[in-house]
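Shown here: run17.pdb, PDB, C-alpha atoms.
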ATOM      1  CA  MET B1293      94.089 100.117  91.809
ATOM      2  CA  ALA B1294      92.695 101.596  95.620
ATOM      3  CA  LYS B1295      87.791  99.792  99.688
ATOM      4  CA  THR B1296      84.996  98.510 101.144
ATOM      5  CA  ALA B1297      81.816  96.433 103.279
ATOM      6  CA  VAL B1298      76.708  95.933 106.459
ATOM      7  CA  ARG B1299      77.422  96.363 102.732
ATOM      8  CA  LYS B1300      73.925  95.521 102.695
ATOM      9  CA  PRO B1301      75.186  97.576 101.273
ATOM     10  CA  GLY B1302      77.415  99.858 103.370
ATOM     11  CA  VAL B1303      80.634  99.927 105.296
ATOM     12  CA  LYS B1304      79.947  98.653 108.810
ATOM     13  CA  LEU B1305      81.532 101.075 111.204
ATOM     14  CA  ALA B1306      83.098  99.926 114.442
ATOM     15  CA  PRO B1307      80.856 100.483 117.497
ATOM     16  CA  ARG B1308      82.407 103.850 118.238
ATOM     17  CA  ARG B1309      82.465 107.188 116.506
ATOM     18  CA  ALA B1310      83.874 106.952 112.980
ATOM     19  CA  ALA B1311      87.549 107.809 113.213
ATOM     20  CA  LEU B1312      90.480 108.327 110.916
ATOM     21  CA  SER B1313      92.953 105.495 111.491
ATOM     22  CA  ASN B1314      95.435 105.775 108.648
ATOM     23  CA  SER B1315      95.828 106.990 105.095
ATOM     24  CA  VAL B1316      96.521 105.796 101.572
ATOM     25  CA  ARG B1317      99.040 107.424  99.292
ATOM     26  CA  ILE B1318      98.356 108.467  95.713
ATOM     27  CA  ILE B1319     101.028 106.789  93.607
ATOM     28  CA  GLY B1320     101.274 108.971  90.493
ATOM     29  CA  GLY B1321      99.995 111.982  88.597
ATOM     30  CA  GLN B1322      99.387 115.545  89.738
ATOM     31  CA  TRP B1323      98.667 114.505  93.348
ATOM     32  CA  LYS B1324     101.556 112.050  93.599
ATOM     33  CA  ARG B1325     102.522 111.200  97.209
ATOM     34  CA  THR B1326      99.436 112.967  98.572
ATOM     35  CA  PRO B1327      97.990 111.048 101.557
ATOM     36  CA  LEU B1328      94.236 110.484 101.684
ATOM     37  CA  PRO B1329      92.826 109.942 105.196
ATOM     38  CA  VAL B1330      90.613 106.856 105.538
ATOM     39  CA  LEU B1331      88.065 105.846 108.148
ATOM     40  CA  ALA B1332      88.617 103.241 110.827
ATOM     41  CA  ALA B1333      85.834 100.961 109.613
ATOM     42  CA  GLU B1334      85.304  97.228 109.601
ATOM     43  CA  GLY B1335      85.584  95.815 106.083
ATOM     44  CA  LEU B1336      87.211  98.913 104.621
ATOM     45  CA  ARG B1337      90.328  97.674 102.844
ATOM     46  CA  PRO B1338      92.105 100.124 100.556
ATOM     47  CA  THR B1339      93.885  98.542  97.615
ATOM     48  CA  PRO B1340      97.561  98.338  98.695
ATOM     49  CA  ASP B1341      99.996 100.831  97.182
ATOM     50  CA  ARG B1342     101.984  98.089  95.455
ATOM     51  CA  VAL B1343      98.872  96.638  93.829
ATOM     52  CA  ARG B1344      97.656 100.048  92.669
ATOM     53  CA  GLU B1345     101.043 100.801  91.172
ATOM     54  CA  THR B1346     100.996  97.539  89.203
ATOM     55  CA  VAL B1347      97.403  97.969  88.057
ATOM     56  CA  PHE B1348      97.893 101.533  86.900
ATOM     57  CA  ASN B1349     101.016 100.501  85.012
ATOM     58  CA  TRP B1350      98.864  97.906  83.241
ATOM     59  CA  LEU B1351      96.167 100.469  82.506
ATOM     60  CA  ALA B1352      98.623 103.102  81.271
ATOM     61  CA  HIS B1353      99.993 100.576  78.783
ATOM     62  CA  LEU B1354      96.599  99.327  77.614
ATOM     63  CA  LEU B1355      95.170 102.846  77.325
ATOM     64  CA  ASP B1356      98.331 104.088  75.578
ATOM     65  CA  GLY B1357      98.638 106.648  78.354
ATOM     66  CA  ASP B1358      95.485 108.399  77.104
ATOM     67  CA  TRP B1359      93.982 109.176  80.492
ATOM     68  CA  GLN B1360      92.576 112.534  79.356
ATOM     69  CA  ASN B1361      89.984 110.697  77.263
ATOM     70  CA  ALA B1362      89.213 108.027  79.866
ATOM     71  CA  ASP B1363      85.987 107.881  81.867
ATOM     72  CA  CYS B1364      86.204 105.704  84.992
ATOM     73  CA  LEU B1365      83.666 104.179  87.377
ATOM     74  CA  ASP B1366      84.295 102.642  90.804
ATOM     75  CA  LEU B1367      81.196 100.779  91.999
ATOM     76  CA  PHE B1368      82.586  99.908  95.460
ATOM     77  CA  ALA B1369      84.642 103.016  96.083
ATOM     78  CA  GLY B1370      85.216 102.664  99.842
ATOM     79  CA  THR B1371      88.211 104.935 100.462
ATOM     80  CA  GLY B1372      88.130 106.126  96.846
ATOM     81  CA  ALA B1373      91.813 105.242  96.407
ATOM     82  CA  LEU B1374      91.351 103.737  92.940
ATOM     83  CA  GLY B1375      89.234 106.607  91.673
ATOM     84  CA  PHE B1376      91.464 109.322  93.111
ATOM     85  CA  GLU B1377      94.457 107.579  91.545
ATOM     86  CA  ALA B1378      92.769 107.651  88.129
ATOM     87  CA  ALA B1379      91.781 111.288  88.575
ATOM     88  CA  SER B1380      95.328 112.208  89.612
ATOM     89  CA  ARG B1381      96.620 110.735  86.366
ATOM     90  CA  GLY B1382      94.265 112.944  84.344
ATOM     91  CA  ALA B1383      91.154 110.829  83.799
ATOM     92  CA  ARG B1384      88.494 112.926  82.117
ATOM     93  CA  ARG B1385      85.746 111.766  84.492
ATOM     94  CA  VAL B1386      85.690 109.559  87.587
ATOM     95  CA  VAL B1387      82.444 108.430  89.221
ATOM     96  CA  LEU B1388      82.721 106.949  92.726
ATOM     97  CA  VAL B1389      79.793 104.899  94.060
ATOM     98  CA  GLU B1390      79.637 103.988  97.745
ATOM     99  CA  ALA B1391      76.830 102.868 100.056
ATOM    100  CA  SER B1392      78.235 104.099 103.370
ATOM    101  CA  SER B1393      77.359 107.701 104.196
ATOM    102  CA  ALA B1394      80.450 107.992 106.426
ATOM    103  CA  ALA B1395      82.753 106.820 103.634
ATOM    104  CA  VAL B1396      81.023 109.137 101.157
ATOM    105  CA  ALA B1397      81.549 112.077 103.513
ATOM    106  CA  GLN B1398      85.254 111.282 103.833
ATOM    107  CA  MET B1399      85.678 110.970 100.056
ATOM    108  CA  GLU B1400      83.875 114.269  99.578
ATOM    109  CA  ALA B1401      86.252 115.917 102.059
ATOM    110  CA  ASN B1402      89.209 114.502 100.117
ATOM    111  CA  ARG B1403      87.689 115.659  96.823
ATOM    112  CA  GLN B1404      87.308 119.192  98.130
ATOM    113  CA  LYS B1405      90.811 119.181  99.596
ATOM    114  CA  LEU B1406      92.247 118.346  96.165
ATOM    115  CA  ASN B1407      89.760 120.497  94.251
ATOM    116  CA  ALA B1408      89.159 117.426  92.091
ATOM    117  CA  ALA B1409      86.639 118.722  89.563
ATOM    118  CA  ASN B1410      86.859 115.497  87.517
ATOM    119  CA  ILE B1411      85.481 113.384  90.395
ATOM    120  CA  SER B1412      81.811 112.930  91.254
ATOM    121  CA  ILE B1413      80.602 110.891  94.224
ATOM    122  CA  LEU B1414      77.295 109.005  94.437
ATOM    123  CA  ARG B1415      75.864 107.361  97.538
ATOM    124  CA  GLY B1416      74.035 104.148  96.695
ATOM    125  CA  ASP B1417      73.976 100.422  96.188
ATOM    126  CA  ALA B1418      76.538  99.267  93.607
ATOM    127  CA  HIS B1419      74.269  96.835  91.760
ATOM    128  CA  ALA B1420      71.252  99.146  91.673
ATOM    129  CA  THR B1421      73.400 102.052  90.491
ATOM    130  CA  ALA B1422      74.952  99.950  87.732
ATOM    131  CA  GLN B1423      71.497  98.891  86.579
ATOM    132  CA  ARG B1424      70.305 102.515  86.433
ATOM    133  CA  MET B1425      73.352 103.549  84.401
ATOM    134  CA  ARG B1426      73.011 100.778  81.796
ATOM    135  CA  GLY B1427      72.498 102.157  78.315
ATOM    136  CA  ALA B1428      72.937 105.743  79.483
ATOM    137  CA  GLN B1429      76.628 105.998  80.379
ATOM    138  CA  ARG B1430      79.826 104.358  79.119
ATOM    139  CA  PHE B1431      83.173 103.984  80.844
ATOM    140  CA  HIS B1432      86.626 103.003  79.647
ATOM    141  CA  VAL B1433      87.645 101.576  83.028
ATOM    142  CA  ILE B1434      85.396 100.097  85.722
ATOM    143  CA  PHE B1435      86.787  99.196  89.137
ATOM    144  CA  LEU B1436      85.143  96.377  91.137
ATOM    145  CA  ASP B1437      86.491  95.686  94.613
ATOM    146  CA  PRO B1438      83.468  94.404  96.534
ATOM    147  CA  PRO B1439      83.407  92.926 100.046
ATOM    148  CA  TYR B1440      84.591  89.332 100.001
ATOM    149  CA  HIS B1441      82.276  86.327 100.429
ATOM    150  CA  GLU B1442      79.061  88.294  99.876
ATOM    151  CA  GLY B1443      78.261  87.273  96.295
ATOM    152  CA  TRP B1444      78.645  90.715  94.731
ATOM    153  CA  LEU B1445      80.676  89.799  91.645
ATOM    154  CA  PRO B1446      78.147  87.421  90.024
ATOM    155  CA  ARG B1447      75.575  90.218  90.291
ATOM    156  CA  THR B1448      77.592  93.279  89.329
ATOM    157  CA  LEU B1449      80.019  92.009  86.684
ATOM    158  CA  PRO B1450      77.302  91.150  84.099
ATOM    159  CA  ALA B1451      75.888  94.676  84.385
ATOM    160  CA  CYS B1452      79.313  96.119  83.613
ATOM    161  CA  ARG B1453      79.164  94.858  80.030
ATOM    162  CA  ASP B1454      76.531  97.456  79.160
ATOM    163  CA  LEU B1455      78.512 100.180  80.925
ATOM    164  CA  LEU B1456      81.757  99.674  78.998
ATOM    165  CA  ALA B1457      82.957 101.787  76.104
ATOM    166  CA  PRO B1458      84.417  99.805  73.163
ATOM    167  CA  GLY B1459      87.618  98.132  74.322
ATOM    168  CA  GLY B1460      86.800  98.950  77.934
ATOM    169  CA  LEU B1461      88.439  97.197  80.877
ATOM    170  CA  VAL B1462      87.120  95.975  84.222
ATOM    171  CA  TYR B1463      89.491  95.746  87.180
ATOM    172  CA  VAL B1464      88.420  93.159  89.761
ATOM    173  CA  GLU B1465      89.801  92.275  93.179
ATOM    174  CA  SER B1466      88.657  89.019  94.748
ATOM    175  CA  GLU B1467      89.385  86.493  97.462
ATOM    176  CA  SER B1468      90.410  83.858  94.882
ATOM    177  CA  SER B1469      92.138  83.627  91.518
ATOM    178  CA  PHE B1470      90.158  83.681  88.274
ATOM    179  CA  LEU B1471      92.889  81.559  86.671
ATOM    180  CA  ASP B1472      91.812  78.411  88.509
ATOM    181  CA  ALA B1473      90.629  75.531  86.365
ATOM    182  CA  ASP B1474      87.216  75.647  88.059
ATOM    183  CA  ALA B1475      86.596  79.333  87.366
ATOM    184  CA  PRO B1476      82.944  80.314  87.985
ATOM    185  CA  GLU B1477      80.410  80.234  85.166
ATOM    186  CA  TRP B1478      79.748  83.975  85.440
ATOM    187  CA  LEU B1479      83.282  84.575  84.125
ATOM    188  CA  ALA B1480      82.559  82.767  80.852
ATOM    189  CA  ASP B1481      81.839  86.004  78.947
ATOM    190  CA  TRP B1482      85.111  87.608  80.043
ATOM    191  CA  HIS B1483      88.695  87.429  78.865
ATOM    192  CA  ILE B1484      91.424  87.759  81.502
ATOM    193  CA  VAL B1485      93.846  90.361  80.152
ATOM    194  CA  ARG B1486      96.145  90.531  83.191
ATOM    195  CA  ALA B1487      96.177  88.860  86.599
ATOM    196  CA  ASP B1488      98.419  88.801  89.640
ATOM    197  CA  ARG B1489      98.445  88.242  93.382
ATOM    198  CA  ALA B1490      99.759  90.172  96.376
ATOM    199  CA  GLY B1491      99.368  88.189  99.596
ATOM    200  CA  THR B1492      95.685  87.356  99.939
ATOM    201  CA  VAL B1493      94.654  89.867  97.239
ATOM    202  CA  PHE B1494      93.957  88.455  93.772
ATOM    203  CA  TYR B1495      93.543  91.120  91.137
ATOM    204  CA  HIS B1496      92.577  90.960  87.473
ATOM    205  CA  LEU B1497      91.913  93.046  84.369
ATOM    206  CA  LEU B1498      89.024  91.758  82.259
ATOM    207  CA  GLN B1499      87.541  92.502  78.840
ATOM    208  CA  CYS B1500      84.212  91.291  77.563
ATOM    209  CA  LYS B1501      84.667  88.600  74.903
ATOM    210  CA  ALA B1502      81.568  89.565  72.904
ATOM    211  CA  GLY B1503      82.147  93.291  73.208
ATOM    212  CA  PRO B1504      80.316  95.843  75.349
ATOM    213  CA  GLY B1505      76.546  95.946  75.097
ATOM    214  CA  THR B1506      76.233  92.750  73.044
ATOM    215  CA  GLU B1507      74.776  89.371  73.818
ATOM    216  CA  ALA B1508      77.353  86.660  74.464
TER     217      ALA B1508
END

Please express what this file holds, its structure, as structure tokens.
Amino acid sequence: MAKTAVRKPGVKLAPRRAALSNSVRIIGGQWKRTPLPVLAAEGLRPTPDRVRETVFNWLAHLLDGDWQNADCLDLFAGTGALGFEAASRGARRVVLVEASSAAVAQMEANRQKLNAANISILRGDAHATAQRMRGAQRFHVIFLDPPYHEGWLPRTLPACRDLLAPGGLVYVESESSFLDADAPEWLADWHIVRADRAGTVFYHLLQCKAGPGTEA
């Protein structure tokens, strides 16, 4: 479902003026086929169209197509492709969190272009923002597509449990499969609902085993 890196946190721009290099295409909903310009930035990797189409088919089935009552959060928004896709399909609220000011500015331009009133954009660190939201906000879908090999998932996934509405889902992209026999310990509290691979992209839908906001 549609990304991002010094993600310390922040997309590291190439040593030239930030430029638009390509675009991503919204797959479905009211803005179907609309291209969204993206920055030419190192580490910015939009979720491929084919992956987003698969993931949103999964979500539509698991949510019974009830997007109008779905609140969504993308903690590593990058291009915003995942969040704009959810908003296009009628999500009630979409919150995009991104550390790079350049990426935030581009997402804001796209939001204004589409007049997307159901999208809000926050500039900030993903983990710190998730911690601030805990206990105050709940989401039905959380998107996590952090930079690879930087240790973000062990830090941010646990915080997502207290951000999920009952029955909520977390979408995760990673550099390796969660289905491996030696899956990391930080996945122990999570059930893998769906998983697939497209090239070097491994993507998963997770649900908390103990339920949102509870101790495992």

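CA of Ala1378 in chain B sits 12.5 Å away from CA of Trp1350 in chain B.
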
Residue IDs satisfying the PyMOL selection byres ((chain B and resi 1487-1498) around 6), as a ChimeraX atom specification: /B:1461-1466,1468-1469,1483-1486,1499

Shell around Ala1422 in chain B at 8 Å using all atoms listed in the file, local window under 4 positions removed, as a PyMOL selection string: chain B and resi 1367+1418+1426+1448+1451-1452+1455

Selection under test: the PyMOL selection byres ((chain B and resi 1395-1407) around 9); residues as JSON, numbers by chain: {"B": [1296, 1302, 1303, 1323, 1328, 1329, 1330, 1331, 1333, 1369, 1370, 1371, 1372, 1376, 1388, 1389, 1390, 1391, 1392, 1393, 1394, 1408, 1409, 1410, 1411, 1412, 1413, 1414, 1415]}

Take the residues from that selection and put them in a file with C-alpha atoms, as a PDB file, in the coordinates of the input.
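Saved result, selection07.pdb, follows:
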ATOM      1  CA  THR B1296      84.996  98.510 101.144  1.00  0.00           C
ATOM      2  CA  GLY B1302      77.415  99.858 103.370  1.00  0.00           C
ATOM      3  CA  VAL B1303      80.634  99.927 105.296  1.00  0.00           C
ATOM      4  CA  TRP B1323      98.667 114.505  93.348  1.00  0.00           C
ATOM      5  CA  LEU B1328      94.236 110.484 101.684  1.00  0.00           C
ATOM      6  CA  PRO B1329      92.826 109.942 105.196  1.00  0.00           C
ATOM      7  CA  VAL B1330      90.613 106.856 105.538  1.00  0.00           C
ATOM      8  CA  LEU B1331      88.065 105.846 108.148  1.00  0.00           C
ATOM      9  CA  ALA B1333      85.834 100.961 109.613  1.00  0.00           C
ATOM     10  CA  ALA B1369      84.642 103.016  96.083  1.00  0.00           C
ATOM     11  CA  GLY B1370      85.216 102.664  99.842  1.00  0.00           C
ATOM     12  CA  THR B1371      88.211 104.935 100.462  1.00  0.00           C
ATOM     13  CA  GLY B1372      88.130 106.126  96.846  1.00  0.00           C
ATOM     14  CA  PHE B1376      91.464 109.322  93.111  1.00  0.00           C
ATOM     15  CA  LEU B1388      82.721 106.949  92.726  1.00  0.00           C
ATOM     16  CA  VAL B1389      79.793 104.899  94.060  1.00  0.00           C
ATOM     17  CA  GLU B1390      79.637 103.988  97.745  1.00  0.00           C
ATOM     18  CA  ALA B1391      76.830 102.868 100.056  1.00  0.00           C
ATOM     19  CA  SER B1392      78.235 104.099 103.370  1.00  0.00           C
ATOM     20  CA  SER B1393      77.359 107.701 104.196  1.00  0.00           C
ATOM     21  CA  ALA B1394      80.450 107.992 106.426  1.00  0.00           C
ATOM     22  CA  ALA B1408      89.159 117.426  92.091  1.00  0.00           C
ATOM     23  CA  ALA B1409      86.639 118.722  89.563  1.00  0.00           C
ATOM     24  CA  ASN B1410      86.859 115.497  87.517  1.00  0.00           C
ATOM     25  CA  ILE B1411      85.481 113.384  90.395  1.00  0.00           C
ATOM     26  CA  SER B1412      81.811 112.930  91.254  1.00  0.00           C
ATOM     27  CA  ILE B1413      80.602 110.891  94.224  1.00  0.00           C
ATOM     28  CA  LEU B1414      77.295 109.005  94.437  1.00  0.00           C
ATOM     29  CA  ARG B1415      75.864 107.361  97.538  1.00  0.00           C
TER      30      ARG B1415
END

Lys1324 in chain B surroundings by only C-alpha atoms, 12 Å radius, close-in-sequence under 4 positions cut, as a PDB file with C-alpha atoms, keeping the file's coordinate frame:
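Final file, out-v2.pdb:
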ATOM      1  CA  VAL B1316      96.521 105.796 101.572  1.00  0.00           C
ATOM      2  CA  ARG B1317      99.040 107.424  99.292  1.00  0.00           C
ATOM      3  CA  ILE B1318      98.356 108.467  95.713  1.00  0.00           C
ATOM      4  CA  ILE B1319     101.028 106.789  93.607  1.00  0.00           C
ATOM      5  CA  GLY B1320     101.274 108.971  90.493  1.00  0.00           C
ATOM      6  CA  LEU B1328      94.236 110.484 101.684  1.00  0.00           C
ATOM      7  CA  ASP B1341      99.996 100.831  97.182  1.00  0.00           C
ATOM      8  CA  GLU B1345     101.043 100.801  91.172  1.00  0.00           C
ATOM      9  CA  PHE B1376      91.464 109.322  93.111  1.00  0.00           C
ATOM     10  CA  GLU B1377      94.457 107.579  91.545  1.00  0.00           C
ATOM     11  CA  ALA B1378      92.769 107.651  88.129  1.00  0.00           C
ATOM     12  CA  ALA B1379      91.781 111.288  88.575  1.00  0.00           C
ATOM     13  CA  SER B1380      95.328 112.208  89.612  1.00  0.00           C
ATOM     14  CA  ARG B1381      96.620 110.735  86.366  1.00  0.00           C
ATOM     15  CA  GLY B1382      94.265 112.944  84.344  1.00  0.00           C
ATOM     16  CA  LEU B1406      92.247 118.346  96.165  1.00  0.00           C
TER      17      LEU B1406
END

Give as a PDB file with C-alpha atoms, keeping the file's coordinate frame each residue that has an atom at most 6 Å from (88.7, 115.8, 81.4) in the file, counting all atoms listed in the file.
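Contents of point22.pdb, as written:
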ATOM      1  CA  GLN B1360      92.576 112.534  79.356  1.00  0.00           C
ATOM      2  CA  ARG B1384      88.494 112.926  82.117  1.00  0.00           C
ATOM      3  CA  ARG B1385      85.746 111.766  84.492  1.00  0.00           C
TER       4      ARG B1385
END

With all atoms listed in the file as the basis for distance, which of B:Trp1359, B:Phe1368, B:Trp1482, B:Phe1348 is at the shortest distance from Ala1420 in chain B? B:Phe1368

Centre and edge lengths, as JSON, for the axis-aligned box enclosing every listed atom of range 1405-1419 of chain B with 5 Å of padding on each of the six sides, in Å to one decimal?
{"center_x": 83.1, "center_y": 108.7, "center_z": 93.6, "size_x": 28.3, "size_y": 33.7, "size_z": 22.1}

Calculated over all atoms listed in the file, which of the candidates B:Ala1383, B:Met1425, B:Leu1471, B:Glu1477 has the smallest distance to Gln1322 in chain B? B:Ala1383

Kindly resolve the PyMOL selection byres ((chain B and resi 1439-1444) around 7) on the present coordinates and return the residues as a ChimeraX atom specification. /B:1296-1297,1437-1438,1445-1448,1466-1467

How would range 1427-1439 of chain B look with N, CA and C atoms restored, written as a PDB file, in the frame of the given file?
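Contents of rebuild.pdb, freshly written:
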ATOM      1  N   GLY B1427      73.038 101.555  79.521  1.00  0.00           N
ATOM      2  CA  GLY B1427      72.498 102.157  78.315  1.00  0.00           C
ATOM      3  C   GLY B1427      72.565 103.665  78.284  1.00  0.00           C
ATOM      4  N   ALA B1428      72.908 104.283  79.419  1.00  0.00           N
ATOM      5  CA  ALA B1428      72.937 105.743  79.483  1.00  0.00           C
ATOM      6  C   ALA B1428      74.348 106.292  79.587  1.00  0.00           C
ATOM      7  N   GLN B1429      75.264 105.534  80.189  1.00  0.00           N
ATOM      8  CA  GLN B1429      76.628 105.998  80.379  1.00  0.00           C
ATOM      9  C   GLN B1429      77.610 104.898  79.992  1.00  0.00           C
ATOM     10  N   ARG B1430      78.778 105.300  79.511  1.00  0.00           N
ATOM     11  CA  ARG B1430      79.826 104.358  79.119  1.00  0.00           C
ATOM     12  C   ARG B1430      81.140 104.754  79.780  1.00  0.00           C
ATOM     13  N   PHE B1431      81.905 103.752  80.166  1.00  0.00           N
ATOM     14  CA  PHE B1431      83.173 103.984  80.844  1.00  0.00           C
ATOM     15  C   PHE B1431      84.277 103.148  80.203  1.00  0.00           C
ATOM     16  N   HIS B1432      85.473 103.708  80.204  1.00  0.00           N
ATOM     17  CA  HIS B1432      86.626 103.003  79.647  1.00  0.00           C
ATOM     18  C   HIS B1432      87.271 102.072  80.669  1.00  0.00           C
ATOM     19  N   VAL B1433      87.134 102.414  81.946  1.00  0.00           N
ATOM     20  CA  VAL B1433      87.645 101.576  83.028  1.00  0.00           C
ATOM     21  C   VAL B1433      86.599 101.518  84.138  1.00  0.00           C
ATOM     22  N   ILE B1434      86.285 100.296  84.578  1.00  0.00           N
ATOM     23  CA  ILE B1434      85.396 100.097  85.722  1.00  0.00           C
ATOM     24  C   ILE B1434      86.173  99.339  86.790  1.00  0.00           C
ATOM     25  N   PHE B1435      86.126  99.847  88.012  1.00  0.00           N
ATOM     26  CA  PHE B1435      86.787  99.196  89.137  1.00  0.00           C
ATOM     27  C   PHE B1435      85.739  98.458  89.976  1.00  0.00           C
ATOM     28  N   LEU B1436      86.019  97.179  90.277  1.00  0.00           N
ATOM     29  CA  LEU B1436      85.143  96.377  91.137  1.00  0.00           C
ATOM     30  C   LEU B1436      85.985  95.763  92.249  1.00  0.00           C
ATOM     31  N   ASP B1437      85.822  96.261  93.451  1.00  0.00           N
ATOM     32  CA  ASP B1437      86.491  95.686  94.613  1.00  0.00           C
ATOM     33  C   ASP B1437      85.457  95.536  95.718  1.00  0.00           C
ATOM     34  N   PRO B1438      84.552  94.564  95.565  1.00  0.00           N
ATOM     35  CA  PRO B1438      83.468  94.404  96.534  1.00  0.00           C
ATOM     36  C   PRO B1438      83.931  93.697  97.800  1.00  0.00           C
ATOM     37  N   PRO B1439      83.113  93.735  98.859  1.00  0.00           N
ATOM     38  CA  PRO B1439      83.407  92.926 100.046  1.00  0.00           C
ATOM     39  C   PRO B1439      83.495  91.445  99.673  1.00  0.00           C
TER      40      PRO B1439
END
